[in-house]
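Undergrad: Got a structure for you, written out below as structure tokens; questions coming shortly.
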Amino acid sequence: MLIKEIVINNRKRRVNESKVLEIADSIKQIGLINPICVTVEKVLIAGYHRLQAHKKLGLEEIDVIIKDVSSMEAELIEIDENLKRSELN
């Protein structure tokens with residue numbers, strides 16, 4: 001999907017620039033492993049840092065998973081991803 005088509009509403013979490021740089025470096029080296037998630041209306045649900053990393057790399061397209069969900073379901077998916085994701089140390 002073209003990055004410029006993706007709609008970004010208010011995010012539950014602020015962007016962490018150092019994390020974006022880490023992700024951008026990973027994408028540059030091995031590519032995007034996990035696509036971002038958007039609604040059928042192209043509203044971002046999950047993957048804001050991955051999207052920002054693509055922008056930082058100057059890429060125009062990104063792999064997406066399209067979910068046919070209500071705005072409430074999309075919000076719950078975003079919250080769930082933020083709560084369930086685990087950091088590796």
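Scheme for the structure tokens: letters A, B, ... for chains in order shown; per-chain residue numbers from 1; ligand numbers from 1 in order shown.
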Show me, as a list in words, the residues that have an atom within 12 Å of Ile62 in chain A when counting only C-alpha atoms, minus same-chain residues fewer than 6 positions from it.
TA: Met1, Leu2, Ile3, Lys4, Glu5, Ile6, Ile27, Gly31, Leu32, Ile33, Asn34, Pro35, Ile36, Cys37, Val38, Leu44, Gly47, Tyr48, Arg50, Leu51, Gln52, Ala53, His54 and Lys55 of chain A
Undergrad: Please report, as number ranges by chain, each residue of chain A to which DSSP assigns alpha helix (DSSP H) when run on this structure's backbone.
TA: A: 17-30, 48-56, 71-84
Undergrad: If you run DSSP on the backbone, which residues of chain A are strand (DSSP E or B), as a PyMOL selection string?
TA: chain A and resi 2+7+36-39+43-46+61+64-67
Undergrad: Can I get the selected residues back with N, CA and C atoms, as a PDB file, in the first residue's frame?
TA:
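In the end it all went to again.pdb:
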ATOM      1  N   LEU A   2       0.449   2.277  -0.649  1.00  0.00           N
ATOM      2  CA  LEU A   2       1.200   3.521  -0.637  1.00  0.00           C
ATOM      3  C   LEU A   2       1.112   4.156   0.747  1.00  0.00           C
ATOM      4  N   VAL A   7      -4.103   6.653   6.742  1.00  0.00           N
ATOM      5  CA  VAL A   7      -4.626   7.685   7.634  1.00  0.00           C
ATOM      6  C   VAL A   7      -4.170   7.368   9.059  1.00  0.00           C
ATOM      7  N   ILE A  36       2.199  -3.869   8.790  1.00  0.00           N
ATOM      8  CA  ILE A  36       1.353  -3.055   9.652  1.00  0.00           C
ATOM      9  C   ILE A  36      -0.100  -3.451   9.402  1.00  0.00           C
ATOM     10  N   CYS A  37      -1.004  -2.965  10.230  1.00  0.00           N
ATOM     11  CA  CYS A  37      -2.412  -3.321  10.126  1.00  0.00           C
ATOM     12  C   CYS A  37      -3.238  -2.059   9.936  1.00  0.00           C
ATOM     13  N   VAL A  38      -4.127  -2.070   8.952  1.00  0.00           N
ATOM     14  CA  VAL A  38      -5.011  -0.940   8.672  1.00  0.00           C
ATOM     15  C   VAL A  38      -6.444  -1.438   8.483  1.00  0.00           C
ATOM     16  N   THR A  39      -7.386  -0.504   8.599  1.00  0.00           N
ATOM     17  CA  THR A  39      -8.782  -0.832   8.323  1.00  0.00           C
ATOM     18  C   THR A  39      -9.016  -0.784   6.818  1.00  0.00           C
ATOM     19  N   VAL A  43      -7.156   3.296   7.651  1.00  0.00           N
ATOM     20  CA  VAL A  43      -6.786   3.924   8.920  1.00  0.00           C
ATOM     21  C   VAL A  43      -5.838   2.980   9.650  1.00  0.00           C
ATOM     22  N   LEU A  44      -4.714   3.510  10.089  1.00  0.00           N
ATOM     23  CA  LEU A  44      -3.723   2.699  10.784  1.00  0.00           C
ATOM     24  C   LEU A  44      -4.286   2.156  12.092  1.00  0.00           C
ATOM     25  N   ILE A  45      -4.136   0.853  12.289  1.00  0.00           N
ATOM     26  CA  ILE A  45      -4.539   0.206  13.541  1.00  0.00           C
ATOM     27  C   ILE A  45      -3.293  -0.096  14.364  1.00  0.00           C
ATOM     28  N   ALA A  46      -2.313  -0.742  13.759  1.00  0.00           N
ATOM     29  CA  ALA A  46      -1.109  -1.172  14.475  1.00  0.00           C
ATOM     30  C   ALA A  46       0.097  -1.078  13.548  1.00  0.00           C
ATOM     31  N   GLU A  61       6.089   2.655  -0.177  1.00  0.00           N
ATOM     32  CA  GLU A  61       5.112   1.583   0.006  1.00  0.00           C
ATOM     33  C   GLU A  61       5.455   0.770   1.242  1.00  0.00           C
ATOM     34  N   VAL A  64       0.825  -4.314   4.205  1.00  0.00           N
ATOM     35  CA  VAL A  64      -0.238  -4.132   5.193  1.00  0.00           C
ATOM     36  C   VAL A  64      -1.120  -5.367   5.283  1.00  0.00           C
ATOM     37  N   ILE A  65      -1.734  -5.523   6.437  1.00  0.00           N
ATOM     38  CA  ILE A  65      -2.832  -6.457   6.630  1.00  0.00           C
ATOM     39  C   ILE A  65      -4.063  -5.582   6.776  1.00  0.00           C
ATOM     40  N   ILE A  66      -5.089  -5.862   5.989  1.00  0.00           N
ATOM     41  CA  ILE A  66      -6.317  -5.064   6.036  1.00  0.00           C
ATOM     42  C   ILE A  66      -7.353  -5.809   6.859  1.00  0.00           C
ATOM     43  N   LYS A  67      -7.866  -5.139   7.902  1.00  0.00           N
ATOM     44  CA  LYS A  67      -8.875  -5.723   8.787  1.00  0.00           C
ATOM     45  C   LYS A  67     -10.198  -5.002   8.571  1.00  0.00           C
TER      46      LYS A  67
END
Undergrad: May I ask for the distance between CA of Arg11 in chain A and CA of His49 in chain A, given in Å to one decimal place?
TA: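 Going from CA of Arg11 in chain A over to CA of His49 in chain A, I get 10.9 Å.
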Undergrad: From the set A:Asn10, A:Ile79, A:Asp68, A:Glu73, which residue has the shortest atom-to-atom contact distance to Lys42 in chain A, counting only C-alpha atoms?
TA: A:Asp68
Undergrad: Excluding same-chain residues fewer than 3 positions from Glu78 in chain A, what lies within 8 Å of it counting only C-alpha atoms, as an MDAnalysis selection string?
TA: chainID A and resid 12 45:46 74:75 81:82
Undergrad: Just checking: using only C-alpha atoms, which residue out of A:Ile30, A:Val15, A:Val40, A:Leu21 ends up closest to Val69 in chain A?
TA: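 The shortest atom-to-atom distance to Val69 in chain A comes from A:Val40.
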